[in-house]
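> Got a structure for you, coords13.cif, holding mmCIF, C-alpha atoms.
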data_start
loop_
_atom_site.label_atom_id
_atom_site.label_comp_id
_atom_site.auth_asym_id
_atom_site.auth_seq_id
_atom_site.Cartn_x
_atom_site.Cartn_y
_atom_site.Cartn_z
CA MET A 1 -7.50 6.56 16.55
CA SER A 2 -9.10 7.70 19.79
CA PRO A 3 -12.88 7.54 20.18
CA SER A 4 -14.59 10.78 19.12
CA ARG A 5 -18.29 10.77 19.94
CA VAL A 6 -20.80 13.01 18.16
CA ALA A 7 -23.15 14.44 20.76
CA ARG A 8 -25.96 15.35 18.35
CA ILE A 9 -25.94 13.26 15.22
CA GLU A 10 -28.00 15.79 13.26
CA SER A 11 -25.09 18.24 13.65
CA ALA A 12 -22.48 15.78 12.31
CA THR A 13 -20.42 17.01 9.34
CA ASN A 14 -17.73 14.30 9.15
CA PHE A 15 -18.65 10.83 7.90
CA LEU A 16 -16.64 7.64 7.60
CA VAL A 17 -18.29 5.08 5.31
CA LEU A 18 -17.24 1.44 5.57
CA GLN A 19 -17.68 -0.38 2.26
CA HIS A 20 -16.77 -4.06 2.29
CA ALA A 21 -19.79 -5.48 0.44
CA THR A 22 -18.90 -8.43 -1.77
CA ALA A 23 -21.59 -8.01 -4.47
CA LEU A 24 -21.08 -5.45 -7.25
CA GLY A 25 -24.73 -4.35 -7.29
CA THR A 26 -24.72 -3.82 -3.53
CA VAL A 27 -21.74 -1.48 -3.74
CA ILE A 28 -23.19 0.49 -6.66
CA HIS A 29 -26.55 0.89 -4.95
CA ALA A 30 -24.82 2.49 -1.98
CA THR A 31 -23.28 5.27 -4.10
CA PRO A 32 -26.38 7.54 -3.83
CA LEU A 33 -25.46 7.97 -0.17
CA ILE A 34 -22.53 10.23 -1.20
CA PRO A 35 -24.47 12.96 -3.09
CA ALA A 36 -27.31 12.68 -0.57
CA LEU A 37 -24.95 13.55 2.27
CA HIS A 38 -23.57 16.52 0.35
CA GLU A 39 -27.08 17.71 -0.48
CA THR A 40 -28.36 17.52 3.10
CA VAL A 41 -25.16 18.43 4.96
CA PRO A 42 -23.46 21.20 2.92
CA GLY A 43 -19.73 21.33 3.53
CA CYS A 44 -19.54 17.81 4.96
CA ARG A 45 -16.41 15.68 4.63
CA ILE A 46 -16.66 12.04 3.57
CA ALA A 47 -13.99 9.39 3.97
CA VAL A 48 -14.45 5.81 2.76
CA ALA A 49 -12.59 2.72 3.95
CA ALA A 50 -13.11 0.04 1.32
CA SER A 51 -12.01 -3.31 -0.05
CA GLY A 52 -12.84 -5.32 -3.16
CA PHE A 53 -15.47 -3.86 -5.48
CA GLY A 54 -15.78 -0.79 -3.28
CA LEU A 55 -12.37 0.50 -4.30
CA GLU A 56 -13.08 0.25 -8.03
CA VAL A 57 -16.62 1.60 -7.90
CA LEU A 58 -15.68 4.60 -5.74
CA ARG A 59 -12.21 5.29 -7.15
CA ASN A 60 -13.05 8.45 -9.10
CA ASN A 61 -16.02 9.69 -7.06
CA PRO A 62 -15.62 13.48 -6.65
CA GLY A 63 -17.85 13.51 -3.57
CA ILE A 64 -15.34 11.54 -1.52
CA ASP A 65 -12.58 13.46 0.23
CA SER A 66 -10.54 10.39 1.13
CA LEU A 67 -10.79 6.83 -0.24
CA PHE A 68 -8.39 4.31 1.22
CA GLU A 69 -7.99 0.57 1.16
CA THR A 70 -8.14 -1.69 4.17
CA PRO A 71 -8.25 -5.48 4.18
CA SER A 72 -11.77 -6.82 4.33
CA PRO A 73 -12.58 -7.34 8.01
CA LEU A 74 -14.45 -10.48 6.96
CA ARG A 75 -11.09 -12.04 6.07
CA ASP A 76 -8.56 -10.11 8.17
CA LEU A 77 -10.14 -8.20 11.03
CA ALA A 78 -6.86 -7.36 12.74
CA GLY A 79 -5.37 -6.03 9.50
CA ALA A 80 -8.52 -4.04 8.74
CA VAL A 81 -8.40 -2.42 12.18
CA ARG A 82 -4.71 -1.55 11.87
CA ALA A 83 -5.22 0.00 8.43
CA LEU A 84 -8.16 2.11 9.58
CA ARG A 85 -6.35 3.30 12.70
CA ALA A 86 -3.34 4.25 10.60
CA GLN A 87 -5.46 6.40 8.28
CA ASN A 88 -7.23 8.34 11.05
CA PRO A 89 -8.99 10.48 8.39
CA PHE A 90 -10.51 13.10 10.71
CA ARG A 91 -7.76 13.22 13.35
CA GLU A 92 -9.39 14.28 16.61
CA ALA A 93 -12.52 15.79 15.05
CA PRO A 94 -15.82 14.01 15.83
CA TYR A 95 -17.33 11.91 13.07
CA VAL A 96 -20.05 9.34 12.40
CA THR A 97 -19.33 5.91 10.94
CA LEU A 98 -21.90 4.71 8.39
CA THR A 99 -22.43 1.14 7.19
CA PRO A 100 -24.66 0.81 4.09
CA THR A 101 -26.37 -2.42 3.08
CA GLY A 102 -24.01 -5.31 2.51
CA ASN A 103 -21.92 -4.29 5.52
CA GLU A 104 -24.11 -5.80 8.23
CA ARG A 105 -21.66 -8.47 9.39
CA THR A 106 -20.32 -8.40 12.94
CA LYS A 107 -16.69 -8.06 11.82
CA VAL A 108 -17.47 -4.86 9.89
CA ALA A 109 -18.91 -3.38 13.08
CA LEU A 110 -15.86 -4.55 14.99
CA GLN A 111 -13.56 -2.79 12.52
CA ALA A 112 -15.28 0.44 13.49
CA VAL A 113 -15.39 -0.30 17.23
CA LEU A 114 -11.78 -1.44 17.55
CA SER A 115 -10.58 1.50 15.44
CA GLY A 116 -12.14 3.95 17.86
CA ALA A 117 -15.19 5.01 15.87
CA ALA A 118 -17.57 5.89 18.68
CA THR A 119 -20.73 6.88 16.79
CA ARG A 120 -22.06 4.22 14.44
CA ILE A 121 -25.19 4.33 12.26
CA GLY A 122 -26.36 1.87 9.64
CA PHE A 123 -27.15 -1.71 8.78
CA THR A 124 -25.90 -4.29 11.24
CA VAL A 125 -26.63 -7.65 12.84
CA VAL A 126 -25.18 -6.41 16.15
CA PRO A 127 -27.51 -3.53 17.10
CA GLU A 128 -26.01 -3.26 20.57
CA LEU A 129 -22.83 -1.82 19.00
CA TYR A 130 -24.65 0.98 17.15
CA ARG A 131 -26.06 4.37 18.09
CA VAL A 132 -28.72 3.89 15.40
CA PRO A 133 -28.93 0.27 14.21
CA MET A 134 -30.88 -0.47 11.05
CA SER A 135 -32.30 -3.55 9.33
CA PHE A 136 -33.30 -3.97 5.70
CA ASP A 137 -36.85 -3.03 4.69
CA PHE A 138 -37.78 -5.40 1.86
CA SER A 139 -40.66 -3.18 0.76
CA ARG A 140 -38.11 -0.59 -0.39
CA SER A 141 -35.27 -0.64 -2.88
CA GLN A 142 -31.59 -1.05 -2.07
CA ILE A 143 -31.13 2.65 -2.83
CA ALA A 144 -34.05 3.74 -0.63
CA ASN A 145 -32.76 1.60 2.21
CA ASN A 146 -29.34 3.21 2.02
CA LEU A 147 -30.86 6.69 1.95
CA ARG A 148 -32.58 5.85 5.23
CA ILE A 149 -29.14 6.39 6.77
CA VAL A 150 -29.43 10.08 5.88
CA GLU A 151 -32.88 10.11 7.49
CA ALA A 152 -31.39 8.50 10.60
CA LEU A 153 -29.00 11.46 10.75
CA GLY A 154 -32.03 13.71 11.05
CA HIS A 155 -32.28 14.99 7.47
CA ALA A 156 -34.99 14.74 4.81
CA VAL A 157 -33.66 13.25 1.61
CA GLU A 158 -34.81 12.79 -1.98
CA HIS A 159 -33.95 10.02 -4.42
CA PHE A 160 -30.50 9.88 -5.96
CA GLU A 161 -29.39 7.56 -8.75
CA PRO A 162 -26.27 5.36 -8.56
CA GLN A 163 -23.04 6.86 -9.82
CA VAL A 164 -19.84 5.33 -11.20
CA PHE A 165 -17.27 7.84 -12.43
CA PHE A 166 -14.38 7.39 -14.82
CA THR A 167 -11.44 9.47 -15.97
CA ALA A 168 -10.50 10.79 -19.39
CA GLU A 169 -7.85 8.08 -19.45
CA ASP A 170 -10.53 5.44 -18.83
CA ALA A 171 -12.59 6.87 -21.71
CA ALA A 172 -9.59 6.81 -24.05
CA GLY A 173 -8.81 3.25 -22.97
CA ALA A 174 -12.38 2.17 -23.71
CA ARG A 175 -12.12 3.57 -27.23
CA ARG A 176 -8.79 1.81 -27.80
CA LEU A 177 -10.23 -1.47 -26.52
CA LEU A 178 -13.17 -1.23 -28.90
CA VAL A 179 -10.92 -0.54 -31.88
CA ASP A 180 -8.43 -3.26 -30.90
CA SER A 181 -11.33 -5.71 -30.57
CA GLY A 182 -12.52 -4.99 -34.08
CA ALA A 183 -15.12 -2.27 -33.54
CA CYS A 184 -15.56 0.74 -35.79
CA LEU A 185 -16.18 3.83 -33.65
CA ASP A 186 -18.11 5.45 -36.51
CA ARG A 187 -20.80 2.78 -36.09
CA PRO A 188 -23.22 2.95 -33.13
CA PHE A 189 -23.18 -0.04 -30.85
CA ALA A 190 -25.36 -1.76 -28.28
CA VAL A 191 -24.08 -3.32 -25.06
CA PHE A 192 -25.19 -6.90 -24.40
CA ILE A 193 -25.07 -8.38 -20.88
CA THR A 194 -25.98 -12.00 -21.54
CA GLN A 195 -24.38 -13.98 -18.72
CA THR A 196 -25.15 -14.44 -15.05
CA SER A 197 -24.43 -17.01 -12.39
CA VAL A 198 -26.29 -20.27 -13.03
CA THR A 199 -27.26 -20.30 -9.35
CA GLN A 200 -29.17 -17.04 -9.79
CA ARG A 201 -31.73 -18.54 -12.24
CA LYS A 202 -31.83 -15.36 -14.36
CA SER A 203 -30.78 -16.63 -17.79
CA TRP A 204 -32.34 -16.13 -21.25
CA ARG A 205 -31.74 -18.39 -24.22
CA ALA A 206 -28.70 -17.68 -26.40
CA GLU A 207 -30.66 -17.90 -29.64
CA ARG A 208 -32.95 -15.13 -28.44
CA PHE A 209 -30.01 -12.83 -27.74
CA GLN A 210 -28.77 -13.67 -31.23
CA GLN A 211 -32.10 -12.59 -32.72
CA ILE A 212 -32.00 -9.32 -30.77
CA ALA A 213 -28.44 -8.62 -31.92
CA SER A 214 -29.49 -9.21 -35.53
CA PHE A 215 -32.54 -6.96 -35.10
CA LEU A 216 -30.46 -4.03 -33.81
CA PHE A 217 -27.94 -4.48 -36.61
CA GLU A 218 -30.52 -4.72 -39.37
CA GLN A 219 -32.90 -2.01 -38.13
CA TYR A 220 -30.47 0.50 -36.59
CA GLY A 221 -27.02 -0.45 -37.87
CA MET A 222 -25.84 -1.18 -34.35
CA MET A 223 -22.96 -3.53 -33.67
CA PRO A 224 -23.38 -5.76 -30.60
CA VAL A 225 -20.66 -5.44 -27.96
CA PHE A 226 -20.71 -8.19 -25.35
CA VAL A 227 -19.45 -7.44 -21.85
CA GLY A 228 -18.94 -9.58 -18.77
CA THR A 229 -16.23 -11.24 -16.71
CA ALA A 230 -13.29 -13.24 -18.02
CA ALA A 231 -14.97 -16.40 -16.75
CA GLU A 232 -18.00 -15.63 -18.95
CA SER A 233 -15.99 -15.06 -22.13
CA ASP A 234 -16.23 -18.65 -23.40
CA ALA A 235 -20.02 -18.66 -23.10
CA ILE A 236 -20.14 -15.33 -24.93
CA GLU A 237 -17.92 -16.70 -27.69
CA LYS A 238 -20.28 -19.63 -28.12
CA LEU A 239 -23.22 -17.22 -28.40
CA ARG A 240 -21.35 -15.05 -30.92
CA GLY A 241 -20.63 -18.16 -32.99
CA GLY A 242 -24.32 -18.24 -33.91
CA LEU A 243 -24.31 -14.69 -35.31
CA ARG A 244 -23.96 -13.80 -38.98
CA ILE A 245 -23.10 -10.20 -38.19
CA HIS A 246 -19.93 -8.64 -36.84
CA SER A 247 -19.79 -8.39 -33.05
CA VAL A 248 -17.20 -7.70 -30.34
CA ASN A 249 -16.45 -9.45 -27.06
CA VAL A 250 -14.67 -7.39 -24.38
CA ALA A 251 -15.52 -9.65 -21.43
CA GLY A 252 -12.80 -9.59 -18.83
CA LYS A 253 -10.83 -6.84 -20.61
CA THR A 254 -11.87 -3.83 -18.53
CA ASN A 255 -11.84 -2.75 -14.92
CA LEU A 256 -15.08 -1.25 -13.56
CA PRO A 257 -14.35 2.42 -14.41
CA GLY A 258 -13.26 1.27 -17.88
CA LEU A 259 -16.51 -0.65 -18.31
CA ALA A 260 -18.46 2.42 -17.22
CA ALA A 261 -16.57 4.47 -19.81
CA LEU A 262 -17.32 1.92 -22.53
CA MET A 263 -21.02 1.84 -21.66
CA SER A 264 -21.15 5.63 -21.81
CA LEU A 265 -20.28 5.36 -25.51
CA ALA A 266 -23.12 2.97 -26.34
CA LYS A 267 -26.56 3.84 -27.68
CA VAL A 268 -28.58 1.22 -25.84
CA GLY A 269 -28.22 -1.86 -23.67
CA VAL A 270 -29.86 -5.29 -23.46
CA SER A 271 -29.29 -6.93 -20.11
CA LEU A 272 -30.20 -9.63 -17.68
CA ASP A 273 -30.81 -8.64 -14.07
CA THR A 274 -27.18 -8.96 -13.00
CA GLY A 275 -24.18 -6.97 -11.77
CA PRO A 276 -23.04 -5.05 -14.90
CA LEU A 277 -26.62 -3.82 -15.39
CA HIS A 278 -26.07 -1.56 -12.39
CA ILE A 279 -23.05 0.02 -14.09
CA ALA A 280 -25.24 0.69 -17.14
CA ARG A 281 -27.74 2.38 -14.86
CA ALA A 282 -25.00 4.40 -13.15
CA VAL A 283 -23.88 5.92 -16.48
CA GLY A 284 -27.42 6.47 -17.74
CA LEU A 285 -27.37 3.92 -20.56
CA PRO A 286 -30.96 3.31 -21.78
CA THR A 287 -31.44 -0.40 -21.30
CA VAL A 288 -34.01 -3.14 -21.77
CA VAL A 289 -33.89 -5.43 -18.74
CA ILE A 290 -34.96 -9.07 -19.09
CA ALA A 291 -36.15 -9.79 -15.56
CA PRO A 292 -36.89 -13.13 -13.85
CA ALA A 293 -40.36 -13.99 -12.64
CA TRP A 294 -39.23 -14.91 -9.13
CA SER A 295 -37.40 -11.70 -8.15
CA PRO A 296 -39.38 -8.58 -7.11
CA PRO A 297 -38.16 -5.62 -9.22
CA VAL A 298 -38.44 -3.15 -6.34
CA GLU A 299 -35.21 -4.18 -4.62
CA TRP A 300 -32.73 -3.94 -7.50
CA LEU A 301 -34.29 -2.59 -10.69
CA PRO A 302 -34.90 1.01 -11.86
CA VAL A 303 -38.68 0.91 -11.53
CA GLY A 304 -40.36 4.02 -12.94
CA ASP A 305 -37.25 5.33 -14.73
CA SER A 306 -38.06 6.15 -18.37
CA ARG A 307 -34.53 5.19 -19.47
CA PHE A 308 -35.30 1.56 -18.75
CA ARG A 309 -37.82 -1.00 -19.90
CA ILE A 310 -38.21 -3.80 -17.36
CA LEU A 311 -39.70 -6.91 -18.95
CA LYS A 312 -41.12 -9.15 -16.24
CA ASN A 313 -43.97 -11.19 -17.71
CA ALA A 314 -44.72 -13.64 -14.90
CA ASP A 315 -44.63 -13.98 -11.12
CA MET A 316 -43.56 -16.93 -9.03
CA PRO A 317 -42.52 -17.17 -5.35
CA ALA A 318 -39.20 -18.89 -6.09
CA ALA A 319 -37.18 -20.15 -9.03
CA THR A 320 -37.38 -23.80 -10.00
CA PRO A 321 -34.02 -25.57 -10.60
CA ASP A 322 -34.47 -25.48 -14.39
CA TYR A 323 -35.95 -21.96 -14.61
CA ILE A 324 -35.16 -19.83 -17.67
CA ILE A 325 -36.89 -16.54 -18.51
CA ASP A 326 -38.91 -18.04 -21.37
CA GLU A 327 -41.95 -15.89 -20.63
CA VAL A 328 -40.12 -12.85 -22.09
CA SER A 329 -40.22 -13.19 -25.88
CA VAL A 330 -38.01 -11.81 -28.63
CA ASP A 331 -40.93 -9.64 -29.76
CA ASP A 332 -41.22 -8.22 -26.23
CA VAL A 333 -37.59 -7.13 -26.35
CA THR A 334 -37.60 -5.75 -29.90
CA GLY A 335 -40.75 -3.77 -29.12
CA ALA A 336 -39.20 -2.36 -25.95
CA LEU A 337 -36.02 -1.44 -27.82
CA THR A 338 -37.95 0.32 -30.57
CA ASP A 339 -39.85 2.36 -27.99
CA LEU A 340 -36.75 3.12 -25.94
CA LEU A 341 -34.71 4.30 -28.90
CA GLN A 342 -37.53 6.64 -29.92
CA VAL A 343 -37.90 8.13 -26.44
CA HIS A 344 -34.18 8.26 -25.64
CA PRO A 345 -32.12 8.81 -28.82
CA ARG A 346 -28.93 8.96 -26.83
CA GLN A 347 -26.20 11.49 -27.56
CA THR A 348 -23.28 9.65 -26.03
CA GLU A 349 -20.84 12.57 -26.04
CA SER A 350 -23.01 14.60 -23.64
CA THR A 351 -23.66 11.81 -21.17
CA ALA A 352 -20.13 10.61 -20.45
CA ARG A 353 -19.05 11.24 -16.86
CA THR A 354 -15.45 12.20 -16.36
#
What do you get writing this file as structure tokens?

Amino acid sequence: MSPSRVARIESATNFLVLQHATALGTVIHATPLIPALHETVPGCRIAVAASGFGLEVLRNNPGIDSLFETPSPLRDLAGAVRALRAQNPFREAPYVTLTPTGNERTKVALQAVLSGAATRIGFTVVPELYRVPMSFDFSRSQIANNLRIVEALGHAVEHFEPQVFFTAEDAAGARRLLVDSGACLDRPFAVFITQTSVTQRKSWRAERFQQIASFLFEQYGMMPVFVGTAAESDAIEKLRGGLRIHSVNVAGKTNLPGLAALMSLAKVGVSLDTGPLHIARAVGLPTVVIAPAWSPPVEWLPVGDSRFRILKNADMPAATPDYIIDEVSVDDVTGALTDLLQVHPRQTESTART
């Protein structure tokens, strides 16, 4: 791939996005960049070189002309460079390489440089290698920071929400999984995201989740469906053991598009501030978020969005080693759910993205 420099970046119409972020939320919060580019640069072409979560999150995105896998340059720089050079998505046409948040590392920049990408814009720790280097503004959200890339290209941009798309096959698979796990599709269900890394200090007590599950079942006839990773399944099973109502555990049984499809079928969500929450947001699932006191909501959470109720009842500069979100009560959550279900009585059939 020979270097192809864009003389005036505001006239660029070809964009190569590098997506090697290792955190699920970081990848999802970069997806608004795709519709923003199409909105501000009509007729543009977008290619994405990705690894890890990026491939799953972006797999079905209709705004991407070419999505291809390369090794992560953080683990295999030489392989990542070879794979990108082999793809050569724009041939000899000029293009701009974009690196959203989570792709700041030097080796990501080197993948672009050594592959011949001459014009580079975005977040980086090696500003000398970029035409327009950027650093994170902690007064703005992850999404707003990523949309600053569009501003750096010389275009005004509005807010766009995250997007995760799924196919009709994913939707059918989600229905089969629910039935095979013991769910009745004639009964509405609520998604529960109850687990997070212990190092994140964002947990809520199991007995409180149990009370919320019972409330939704008794008041609205909703079955709780627990989602998460395979590693979290045992903890979920322990939580479910304290329930006297029927529930389903699908942790570790879906890929990311399949999880998005499943969430699109739900009526409401109850979630900690953790990765799968961002999938719920991306498919528009009305959700009550139990937020920790030590983490500012502005960076990650959907502040000001009426589909979400963010419960953050205390503030502290940092989490203590034994911190649990005890300041958010069961009554806080049931009240937020009651309000949310009145304001957003979700019709799941019309909100599924395929």
> Would you work out the distance separating atom CA of Ala23 of chain A from atom CA of Pro286 of chain A, expressed in Å to one decimal?
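Distance between the two atoms: 22.7 Å.
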> Since I can't run it myself right now, could you work out what the PyMOL selection byres ((chain A and resi 106) around 8) selects here and report it as a short mmCIF file (atom, residue, chain, number, x, y, z; two decimals) with C-alpha atoms, in the coordinates of the input?

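Done, and the output landed in expr-v9.cif:
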data_model
loop_
_atom_site.label_atom_id
_atom_site.label_comp_id
_atom_site.auth_asym_id
_atom_site.auth_seq_id
_atom_site.Cartn_x
_atom_site.Cartn_y
_atom_site.Cartn_z
CA GLU A 104 -24.11 -5.80 8.23
CA ARG A 105 -21.66 -8.47 9.39
CA LYS A 107 -16.69 -8.06 11.82
CA VAL A 108 -17.47 -4.86 9.89
CA ALA A 109 -18.91 -3.38 13.08
CA LEU A 110 -15.86 -4.55 14.99
CA THR A 124 -25.90 -4.29 11.24
CA VAL A 125 -26.63 -7.65 12.84
CA VAL A 126 -25.18 -6.41 16.15
#
> Apply the PyMOL selection byres ((chain A and resi 250) around 12) to the displayed file and report the matching residues as a VMD selection string.
chain A and resid 174 to 183 191 to 193 224 to 234 236 to 237 247 to 249 251 to 255 258 to 259 262 to 263
> Go ahead and dump the residues you just picked, C-alpha atoms, as a JSON list (two decimals), in the frame of the given file.

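The resulting file, part-v4.json, is reproduced below:
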[["chain", "number", "residue", "atom", "x", "y", "z"],
["A", 174, "ALA", "CA", -12.38, 2.17, -23.71],
["A", 175, "ARG", "CA", -12.12, 3.57, -27.23],
["A", 176, "ARG", "CA", -8.79, 1.81, -27.80],
["A", 177, "LEU", "CA", -10.23, -1.47, -26.52],
["A", 178, "LEU", "CA", -13.17, -1.23, -28.90],
["A", 179, "VAL", "CA", -10.92, -0.54, -31.88],
["A", 180, "ASP", "CA", -8.43, -3.26, -30.90],
["A", 181, "SER", "CA", -11.33, -5.71, -30.57],
["A", 182, "GLY", "CA", -12.52, -4.99, -34.08],
["A", 183, "ALA", "CA", -15.12, -2.27, -33.54],
["A", 191, "VAL", "CA", -24.08, -3.32, -25.06],
["A", 192, "PHE", "CA", -25.19, -6.90, -24.40],
["A", 193, "ILE", "CA", -25.07, -8.38, -20.88],
["A", 224, "PRO", "CA", -23.38, -5.76, -30.60],
["A", 225, "VAL", "CA", -20.66, -5.44, -27.96],
["A", 226, "PHE", "CA", -20.71, -8.19, -25.35],
["A", 227, "VAL", "CA", -19.45, -7.44, -21.85],
["A", 228, "GLY", "CA", -18.94, -9.58, -18.77],
["A", 229, "THR", "CA", -16.23, -11.24, -16.71],
["A", 230, "ALA", "CA", -13.29, -13.24, -18.02],
["A", 231, "ALA", "CA", -14.97, -16.40, -16.75],
["A", 232, "GLU", "CA", -18.00, -15.63, -18.95],
["A", 233, "SER", "CA", -15.99, -15.06, -22.13],
["A", 234, "ASP", "CA", -16.23, -18.65, -23.40],
["A", 236, "ILE", "CA", -20.14, -15.33, -24.93],
["A", 237, "GLU", "CA", -17.92, -16.70, -27.69],
["A", 247, "SER", "CA", -19.79, -8.39, -33.05],
["A", 248, "VAL", "CA", -17.20, -7.70, -30.34],
["A", 249, "ASN", "CA", -16.45, -9.45, -27.06],
["A", 251, "ALA", "CA", -15.52, -9.65, -21.43],
["A", 252, "GLY", "CA", -12.80, -9.59, -18.83],
["A", 253, "LYS", "CA", -10.83, -6.84, -20.61],
["A", 254, "THR", "CA", -11.87, -3.83, -18.53],
["A", 255, "ASN", "CA", -11.84, -2.75, -14.92],
["A", 258, "GLY", "CA", -13.26, 1.27, -17.88],
["A", 259, "LEU", "CA", -16.51, -0.65, -18.31],
["A", 262, "LEU", "CA", -17.32, 1.92, -22.53],
["A", 263, "MET", "CA", -21.02, 1.84, -21.66]]
> For atom CA of Met134 of chain A and atom CA of Asn61 of chain A, quote the distance in Å rounded to one decimal.
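Between atom CA of Met134 of chain A and atom CA of Asn61 of chain A the gap is 25.5 Å.
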> Given the PyMOL selection byres ((chain A and resi 337) around 9) and the file above, list the residues it selects as number ranges by chain.
A: 216, 268-270, 287-288, 309, 332-336, 338-342
> Per residue of segment 266-338 of chain A within 8 Å of segment 200-213 of chain A, record the nearest atom pair and its distance in Å to one decimal, counting only C-alpha atoms, with rows in chain order and ascending residue number, as a tab-separated table.

residue	atom	partner	partner_atom	distance
A:Leu272	CA	A:Lys202	CA	6.8
A:Asp273	CA	A:Lys202	CA	6.8
A:Ile290	CA	A:Trp204	CA	7.8
A:Ala291	CA	A:Lys202	CA	7.2
A:Pro292	CA	A:Lys202	CA	5.6
A:Ala319	CA	A:Arg201	CA	6.5
A:Pro321	CA	A:Arg201	CA	7.6
A:Asp322	CA	A:Arg201	CA	7.8
A:Tyr323	CA	A:Arg201	CA	5.9
A:Ile324	CA	A:Ser203	CA	5.4
A:Ile325	CA	A:Trp204	CA	5.3
A:Asp326	CA	A:Trp204	CA	6.8
A:Ser329	CA	A:Arg208	CA	7.9
A:Val330	CA	A:Arg208	CA	6.1
A:Val333	CA	A:Ile212	CA	7.5
A:Thr334	CA	A:Ile212	CA	6.7
> Please report the interatomic distance between atom CA of His159 of chain A and atom CA of Arg307 of chain A in Å with one decimal.
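Separating atom CA of His159 of chain A from atom CA of Arg307 of chain A is a distance of 15.8 Å.
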> Please write as a PDB file with C-alpha atoms, keeping the file's coordinate frame the list of polymer residues whose atoms come within 8 Å of (-29.3, 6.8, 1.2), counting only C-alpha atoms and keeping to the coordinates of the file.

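Generated output (part-v5.pdb):
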ATOM      1  CA  ALA A  30     -24.820   2.490  -1.980  1.00  0.00           C
ATOM      2  CA  PRO A  32     -26.380   7.540  -3.830  1.00  0.00           C
ATOM      3  CA  LEU A  33     -25.460   7.970  -0.170  1.00  0.00           C
ATOM      4  CA  ILE A  34     -22.530  10.230  -1.200  1.00  0.00           C
ATOM      5  CA  ALA A  36     -27.310  12.680  -0.570  1.00  0.00           C
ATOM      6  CA  ILE A 143     -31.130   2.650  -2.830  1.00  0.00           C
ATOM      7  CA  ALA A 144     -34.050   3.740  -0.630  1.00  0.00           C
ATOM      8  CA  ASN A 145     -32.760   1.600   2.210  1.00  0.00           C
ATOM      9  CA  ASN A 146     -29.340   3.210   2.020  1.00  0.00           C
ATOM     10  CA  LEU A 147     -30.860   6.690   1.950  1.00  0.00           C
ATOM     11  CA  ARG A 148     -32.580   5.850   5.230  1.00  0.00           C
ATOM     12  CA  ILE A 149     -29.140   6.390   6.770  1.00  0.00           C
ATOM     13  CA  VAL A 150     -29.430  10.080   5.880  1.00  0.00           C
ATOM     14  CA  GLU A 151     -32.880  10.110   7.490  1.00  0.00           C
ATOM     15  CA  VAL A 157     -33.660  13.250   1.610  1.00  0.00           C
ATOM     16  CA  HIS A 159     -33.950  10.020  -4.420  1.00  0.00           C
ATOM     17  CA  PHE A 160     -30.500   9.880  -5.960  1.00  0.00           C
TER      18      PHE A 160
END
> Give me the residues within 12 Å of Gln87 of chain A as a PyMOL selection string, counting all atoms listed in the file and dropping any in the same chain fewer than 4 places off.
chain A and resi 1+16+47-49+66-70+80-83+91+115-116
> For Pro276 of chain A, which residue out of A:Val96, A:Val57, A:Leu153, A:Met223 is the nearest one, using all atoms listed in the file?
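Looking only at the distances to Pro276 of chain A, the closest residue turns out to be A:Val57.
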> Counting all atoms listed in the file, which of A:Pro100, A:Gly79, A:Gly154, A:Pro162 gets nearest to Leu277 of chain A?
A:Pro162
